[in-house]
Every structure is written in structure tokens, then in C-alpha cells.
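Undergrad: The file below is work-v3.txt, compact mmCIF, C-alpha atoms:
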```txt
# COMPACT_ATOMS: atom_id res chain seq x y z
CA MET A 1 0.00 0.00 0.00
CA ASN A 2 1.27 3.48 -0.86
CA HIS A 3 1.36 5.73 2.21
CA GLU A 4 1.46 9.00 0.28
CA PHE A 5 -1.56 8.04 -1.81
CA LEU A 6 -3.56 7.08 1.26
CA MET A 7 -2.62 10.29 3.09
CA GLU A 8 -3.68 12.27 0.04
CA VAL A 9 -7.11 10.60 0.11
CA ILE A 10 -7.43 11.34 3.83
CA ARG A 11 -6.22 14.94 3.55
CA ARG A 12 -8.40 15.73 0.56
CA ARG A 13 -11.64 14.58 2.17
CA ARG A 14 -14.08 17.46 2.55
CA SER A 15 -17.57 17.88 3.95
CA VAL A 16 -19.35 18.95 0.78
CA ARG A 17 -22.68 20.70 1.25
CA ARG A 18 -23.51 21.84 -2.27
CA TYR A 19 -24.32 19.22 -4.86
CA LYS A 20 -25.30 19.16 -8.51
CA LYS A 21 -28.96 18.35 -9.20
CA GLU A 22 -27.99 15.10 -10.93
CA SER A 23 -29.46 12.04 -9.21
CA VAL A 24 -27.20 9.38 -7.73
CA PRO A 25 -27.85 5.81 -8.93
CA MET A 26 -28.50 3.18 -6.29
CA GLU A 27 -25.47 1.22 -7.54
CA LYS A 28 -23.19 4.03 -6.42
CA LEU A 29 -24.79 4.20 -2.98
CA MET A 30 -24.18 0.45 -2.75
CA LEU A 31 -20.46 1.08 -3.35
CA LEU A 32 -20.39 3.37 -0.32
CA ALA A 33 -22.25 0.79 1.78
CA GLU A 34 -19.70 -1.81 0.66
CA ALA A 35 -16.87 0.44 1.91
CA ALA A 36 -18.67 0.86 5.24
CA ARG A 37 -19.12 -2.90 5.54
CA TRP A 38 -15.35 -3.31 5.95
CA ALA A 39 -15.03 -0.95 8.92
CA PRO A 40 -13.73 -2.29 12.21
CA SER A 41 -16.17 -2.89 15.07
CA ALA A 42 -16.02 -4.07 18.66
CA GLY A 43 -15.84 -7.86 18.68
CA ASN A 44 -16.71 -7.73 14.98
CA SER A 45 -20.27 -6.90 16.07
CA GLN A 46 -20.97 -4.88 12.87
CA PRO A 47 -23.79 -2.96 14.57
CA TRP A 48 -24.54 -0.74 11.58
CA GLU A 49 -27.43 -1.00 9.17
CA PHE A 50 -28.10 1.42 6.33
CA LEU A 51 -30.97 2.95 4.45
CA LEU A 52 -29.95 4.02 0.96
CA ILE A 53 -32.28 6.71 -0.37
CA ASN A 54 -32.29 8.43 -3.74
CA ASP A 55 -36.03 9.13 -3.94
CA GLU A 56 -36.09 12.92 -4.00
CA ASP A 57 -39.42 13.21 -2.17
CA VAL A 58 -38.16 11.09 0.71
CA VAL A 59 -34.81 12.92 0.80
CA SER A 60 -36.66 16.23 0.82
CA ALA A 61 -39.00 15.12 3.63
CA LEU A 62 -36.05 14.05 5.79
CA LYS A 63 -34.27 17.33 5.16
CA THR A 64 -37.15 19.25 6.75
CA VAL A 65 -36.41 17.68 10.15
CA SER A 66 -32.64 18.02 9.95
CA PRO A 67 -31.58 21.53 10.96
CA GLY A 68 -27.92 20.81 10.30
CA TRP A 69 -28.58 19.94 6.67
CA LEU A 70 -27.91 23.15 4.76
CA PHE A 71 -28.52 22.67 1.03
CA GLU A 72 -30.33 20.27 -1.28
CA ALA A 73 -28.82 16.82 -1.78
CA PRO A 74 -29.96 14.19 -4.29
CA ALA A 75 -29.31 11.20 -2.05
CA LEU A 76 -28.98 10.21 1.56
CA ILE A 77 -27.63 7.32 3.54
CA VAL A 78 -29.18 6.90 6.97
CA MET A 79 -26.85 5.02 9.26
CA CYS A 80 -28.63 3.08 11.97
CA ILE A 81 -27.44 1.03 14.91
CA ASN A 82 -29.08 -2.37 14.93
CA LYS A 83 -29.82 -2.87 18.63
CA LYS A 84 -29.67 -6.63 18.22
CA ARG A 85 -25.95 -6.29 17.47
CA GLU A 86 -25.27 -3.30 19.71
CA THR A 87 -22.33 -3.05 22.15
CA ASP A 88 -21.05 -0.18 24.33
CA TRP A 89 -18.80 0.83 21.42
CA SER A 90 -21.38 0.92 18.63
CA TYR A 91 -21.19 4.69 18.17
CA PHE A 92 -17.43 4.47 17.61
CA ASP A 93 -18.06 1.64 15.15
CA ALA A 94 -20.64 3.75 13.30
CA GLY A 95 -18.07 6.54 13.08
CA ALA A 96 -15.55 4.18 11.50
CA ALA A 97 -18.13 2.97 8.96
CA MET A 98 -19.02 6.58 8.18
CA GLU A 99 -15.38 7.49 7.55
CA ASN A 100 -15.02 4.58 5.13
CA MET A 101 -17.96 5.98 3.15
CA LEU A 102 -16.60 9.53 3.16
CA LEU A 103 -13.18 8.39 1.97
CA CYS A 104 -14.64 6.12 -0.70
CA ALA A 105 -17.03 8.73 -2.14
CA PRO A 106 -14.52 10.74 -4.28
CA SER A 107 -13.26 7.53 -5.89
CA VAL A 108 -16.70 7.16 -7.53
CA GLY A 109 -17.12 10.86 -8.26
CA LEU A 110 -19.30 11.57 -5.23
CA ALA A 111 -19.03 13.75 -2.15
CA CYS A 112 -20.68 13.51 1.24
CA CYS A 113 -21.42 15.36 4.43
CA ALA A 114 -22.17 13.63 7.73
CA ILE A 115 -24.96 15.18 9.78
CA GLY A 116 -25.92 14.31 13.31
CA SER A 117 -28.65 16.91 13.63
CA PHE A 118 -32.14 15.51 13.04
CA LEU A 119 -35.28 14.65 14.94
CA VAL A 120 -34.77 10.98 15.70
CA GLN A 121 -38.39 10.11 16.50
CA THR A 122 -39.72 11.86 13.40
CA VAL A 123 -37.19 10.04 11.20
CA ILE A 124 -38.20 6.70 12.75
CA GLU A 125 -41.85 7.51 11.97
CA LEU A 126 -41.22 8.77 8.44
CA LEU A 127 -39.09 5.78 7.47
CA GLU A 128 -41.24 3.32 9.41
CA LEU A 129 -38.16 1.88 11.12
CA PRO A 130 -38.58 -1.18 13.31
CA GLN A 131 -37.83 -0.83 17.04
CA HIS A 132 -34.39 -2.41 16.79
CA LEU A 133 -33.09 0.25 14.37
CA GLU A 134 -31.88 3.54 15.80
CA PRO A 135 -30.89 6.20 13.23
CA VAL A 136 -27.65 7.82 14.38
CA LEU A 137 -26.27 9.62 11.33
CA PHE A 138 -27.36 11.16 8.07
CA ILE A 139 -24.82 11.13 5.25
CA THR A 140 -25.84 13.38 2.38
CA VAL A 141 -24.53 12.19 -0.98
CA GLY A 142 -24.25 13.84 -4.37
CA TYR A 143 -21.96 15.02 -7.13
CA PRO A 144 -19.97 17.93 -5.70
CA ASP A 145 -20.76 21.46 -6.81
CA GLU A 146 -18.16 23.11 -4.60
CA GLU A 147 -14.57 22.52 -3.59
CA PRO A 148 -14.36 23.66 0.00
CA PRO A 149 -10.88 24.59 1.21
CA ALA A 150 -9.29 22.47 3.90
CA THR A 151 -10.30 23.47 7.41
CA THR A 152 -7.61 24.15 9.97
CA ARG A 153 -6.18 21.31 11.99
CA LEU A 154 -4.50 21.32 15.39
CA SER A 155 -0.82 20.52 15.15
CA LEU A 156 0.56 17.17 16.22
CA GLU A 157 2.27 18.97 19.11
CA GLU A 158 -1.17 19.99 20.39
CA LEU A 159 -2.63 16.55 19.89
CA ILE A 160 0.08 14.31 21.27
CA PHE A 161 0.15 14.60 25.03
CA LYS A 162 3.24 12.52 25.48
CA ARG A 163 5.52 10.27 23.50
CA VAL A 164 6.64 7.34 25.59
CA GLY A 165 9.61 5.35 24.36
CA LYS A 166 12.16 5.89 21.60
CA MET B 1 -41.05 16.49 -7.69
CA ARG B 2 -43.84 19.06 -7.82
CA LYS B 3 -43.05 22.75 -7.50
CA LYS B 4 -43.04 24.04 -3.94
CA THR B 5 -45.89 26.39 -3.01
CA ALA B 6 -45.73 29.19 -0.45
CA ASP B 7 -47.65 26.93 1.89
CA ASP B 8 -45.08 24.12 1.42
CA TYR B 9 -42.28 26.56 2.09
CA LEU B 10 -43.91 27.89 5.24
CA PHE B 11 -44.29 24.30 6.40
CA GLU B 12 -40.59 23.71 5.69
CA ILE B 13 -39.66 26.70 7.84
CA THR B 14 -42.01 25.47 10.57
CA CYS B 15 -40.36 22.02 10.53
CA PHE B 16 -36.94 23.60 10.66
CA LEU B 17 -37.87 25.72 13.67
CA ILE B 18 -39.52 22.85 15.56
CA ALA B 19 -36.54 20.58 14.91
CA SER B 20 -34.08 23.34 15.85
CA ALA B 21 -35.90 24.14 19.09
CA GLU B 22 -35.99 20.48 20.07
CA ARG B 23 -32.31 19.94 19.26
CA CYS B 24 -31.19 23.19 20.92
CA LEU B 25 -32.69 21.98 24.21
CA GLY B 26 -30.54 18.87 23.85
CA PRO B 27 -27.20 18.22 22.22
CA GLU B 28 -27.20 21.35 20.03
CA ARG B 29 -27.45 23.95 22.76
CA GLU B 30 -24.55 25.87 21.22
CA TYR B 31 -26.20 26.07 17.80
CA GLY B 32 -28.90 28.62 18.65
CA ALA B 33 -27.37 31.58 16.80
CA CYS B 34 -26.52 29.40 13.82
CA ARG B 35 -30.11 28.12 13.58
CA LEU B 36 -31.52 31.64 13.81
CA LEU B 37 -29.20 32.75 11.03
CA HIS B 38 -30.36 29.75 9.01
CA THR B 39 -33.97 30.85 9.58
CA LEU B 40 -33.13 34.31 8.24
CA TYR B 41 -31.51 32.61 5.27
CA MET B 42 -34.71 30.62 4.64
CA LEU B 43 -36.84 33.75 4.99
CA SER B 44 -34.76 35.42 2.28
CA PHE B 45 -36.36 33.02 -0.24
CA LEU B 46 -39.91 33.86 0.81
CA PRO B 47 -40.50 36.47 -1.95
CA GLU B 48 -39.95 33.66 -4.51
CA TYR B 49 -43.13 32.06 -3.17
CA LEU B 50 -45.05 35.21 -2.29
CA PRO B 51 -44.41 37.73 -5.08
CA GLU B 52 -46.33 40.41 -3.19
CA LEU B 53 -43.41 40.54 -0.76
CA LYS B 54 -40.62 42.90 -1.66
CA GLU B 55 -37.08 41.63 -1.61
CA ASN B 56 -35.74 42.40 1.86
CA ARG B 57 -32.34 44.07 1.79
CA LEU B 58 -31.24 42.74 5.17
CA LEU B 59 -32.32 39.20 4.38
CA MET B 60 -30.47 39.39 1.08
CA LYS B 61 -27.33 40.39 2.99
CA VAL B 62 -27.75 37.28 5.12
CA ARG B 63 -28.15 35.17 1.99
CA ALA B 64 -25.04 36.63 0.39
CA TYR B 65 -23.06 36.10 3.60
CA VAL B 66 -24.03 32.41 3.78
CA ASP B 67 -23.71 31.76 0.05
CA GLU B 68 -20.20 33.13 0.11
CA ASP B 69 -19.20 30.26 2.38
CA PRO B 70 -21.58 27.88 4.19
CA GLN B 71 -19.02 27.65 7.01
CA ASN B 72 -20.16 31.19 7.86
CA PHE B 73 -23.21 29.65 9.53
CA TRP B 74 -21.17 28.66 12.56
CA ARG B 75 -17.73 30.26 12.26
CA GLU B 76 -18.06 32.29 15.41
CA PRO B 77 -15.76 35.32 15.18
CA GLN B 78 -17.02 36.06 11.65
CA LEU B 79 -20.64 35.44 12.61
CA LYS B 80 -20.38 37.80 15.56
CA LYS B 81 -18.83 40.49 13.36
CA PHE B 82 -21.47 40.01 10.67
CA LEU B 83 -24.36 40.17 13.14
CA SER B 84 -22.90 43.28 14.70
CA LYS B 85 -22.70 44.92 11.26
CA LEU B 86 -26.25 43.80 10.51
CA SER B 87 -27.46 45.25 13.82
CA MET B 88 -26.06 48.64 12.78
CA GLU B 89 -27.87 48.39 9.46
CA LEU B 90 -31.02 47.47 11.30
CA ALA B 91 -30.97 50.85 13.06
CA LYS B 92 -30.63 52.58 9.68
CA GLU B 93 -33.47 50.50 8.26
CA ILE B 94 -35.76 51.29 11.20
CA ARG B 95 -35.11 54.99 10.66
CA LYS B 96 -35.62 54.66 6.92
CA ARG B 97 -38.94 52.96 7.46
CA LYS B 98 -39.86 55.74 9.84
CA LEU B 99 -40.66 53.38 12.66
CA LEU B 100 -39.03 55.98 14.93
CA LYS B 101 -40.92 59.23 15.31
CA SER B 102 -37.88 61.46 15.94
```
Would you mind writing the file out in C-alpha cells?

TA:
Amino acid sequence: MNHEFLMEVIRRRRSVRRYKKESVPMEKLMLLAEAARWAPSAGNSQPWEFLLINDEDVVSALKTVSPGWLFEAPALIVMCINKKRETDWSYFDAGAAMENMLLCAPSVGLACCAIGSFLVQTVIELLELPQHLEPVLFITVGYPDEEPPATTRLSLEELIFKRVGK
Amino acid sequence: MRKKTADDYLFEITCFLIASAERCLGPEREYGACRLLHTLYMLSFLPEYLPELKENRLLMKVRAYVDEDPQNFWREPQLKKFLSKLSMELAKEIRKRKLLKS
């Protein structure tokens, strides 16, 4: 594996909020779900479960109850925790699965933005989710219509409390 | 998808405000100013649905500010500066509209 290439993918990831109107085929959403499937999870519990949505009426309805969702998006992935496979670490696991999707997206021409702001109960009602599925993240998906600059990052000196050993 | 009516758009704003209020009492306590700015942004589109409304200069300034960079919704020093500038313009606008007698 090439380290520089991987770091480039990681560094170039952006939260894209403006998308072209073009719809996203279900096959492409499946590619993102496939990337998420390979994320690590506590005890290999794989607590995630996804709803892949490219129906514009449904996407639009969900947007109305998500204050953190700024602009129109043609598609959405709703990440849920399946309570039948849940552990104390499921939220971390969901984060790892999300990151896999975000990193994969540009490789198929897409861009994403993860959103945690939505009315959980209303989403459960609208999507008729069974009791064992808890929606924890929205991931908007579309073809990017902006190239946001990189946001600032804390330096390694600020992030590494201590180096122990040689 | 059918074209949005003024009624649809008002409902959208209502949903946004209900959702924002609920979330701001919980994990998004810090987002209050950002959500209010977003509401102003949404209101700036109202004349597209209700042609009898005139374009509102202050709302258009909010729209331009957000459209310039969506990060402006929550980037605090800039947001504070922008709102302070807008507050000054508000005084001018109130005078212009003769809401003040003197």
C-alpha cells in the first residue's frame, strides 16, 4: 500500500454541502455501503445497518427535520445502529463505517457530508423503522458542486500529550 | 417532484424551527445563533413564493453572507462580526422605514 496516496485521500476529504442536481444511482450508494461494511467494530459486532435513499421526495421530507442539513442533496444514507448487534462501542463503530464511506465517495465521483442533527423520533416515523433500528447519522450524498478549502487542523504537538519510548 | 408552493415553504420553515428548538434543548445547545441565522436565510427566499413581498435588503445580505461560504453559519468570530454589522444596518433600516418618530 502506498502511504502518500492514502494520506492524500485522507487529507483531501471534505464535507461537501452543495451538490449538482444530478441524481445518484442506487449502484453508487451500494459502493459506499460496501466500503462501510469493511469498517472495524467491537468484537466484529458490525452494529450498523443502512438505508440508501435516492427518492427525492423522501430525501426532501427528511431534510425538513434536519436543521444541520444546509442545502439540497440528491441522495442520503441513513446510518442506523441495529440494537440486536449493539455493544457499548457501537457509536465508535458507526463513526468508522461513516469514515469509510466519506473516503470512498470521491473515488466514484461523489461527495458527502455527515450530519448528526435531526429529529430521531420523526425520522423513525417517516421511514417506518422497526424498534431495533436507531438512526444515528445522516450522510448526504451527491456530485460535488463546490470545492471547500481544507479546514484548519490542530498541530501534532497539540494533539500528542506525550511520547513514551524511543 | 412538484413545485413548492408558499404553503409548502412555510411548512418547511415550521419544521426547521420545531426541529431546531428540540435539538437546541438537547445536544445542540450551542447552535442557537446558527439556527436563527439559518432561519433568516430561509426567509430570504420567501418572496420567490409570495411575489407580493418585496425583496428584503437585510435578508439578502444574510443570503449573500451564507452563500459566500456555508461555514459562515457557525464560524463564530465572523458570525459575531457580521451580526454586529447587521445590527447597525437594522438601526438605519428602522429609521428609513420611519418606525421611529424622531

Undergrad: As an MDAnalysis selection string, could you give me every residue of chain A near chain B (at most 6 Å apart, counting only C-alpha atoms)?

TA: chainID A and resid 64:65 67

Undergrad: What's around Thr87 in chain A at 8 Å? Count all atoms listed in the file, leave out sequence neighbours fewer than 4 positions away in its own chain, and write the answer as a PyMOL selection string.

TA: chain A and resi 42+45+47

Undergrad: Which polymer residues have any atom within 9 Å of an atom of Ile115 in chain A, counting all atoms listed in the file, with same-chain residues fewer than 4 positions away left out, as a list in words?

TA: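 Result of the neighbour search: Ser66, Gly68, Trp69, Leu137, Phe138, Ile139 and Thr140 of chain A.
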
Undergrad: Considering all atoms listed in the file, can you say which of A:Leu76, A:Met1, A:Val136, A:Val24 comes closest to Ile124 in chain A?

TA: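 Checking each candidate against Ile124 in chain A, we get A:Val136 as the closest.
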
Undergrad: Have a look at CA of Lys63 in chain A and CA of Leu79 in chain B and let me know their distance in Å, one decimal.

TA: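 Distance reported for this atom pair: 23.9 Å.
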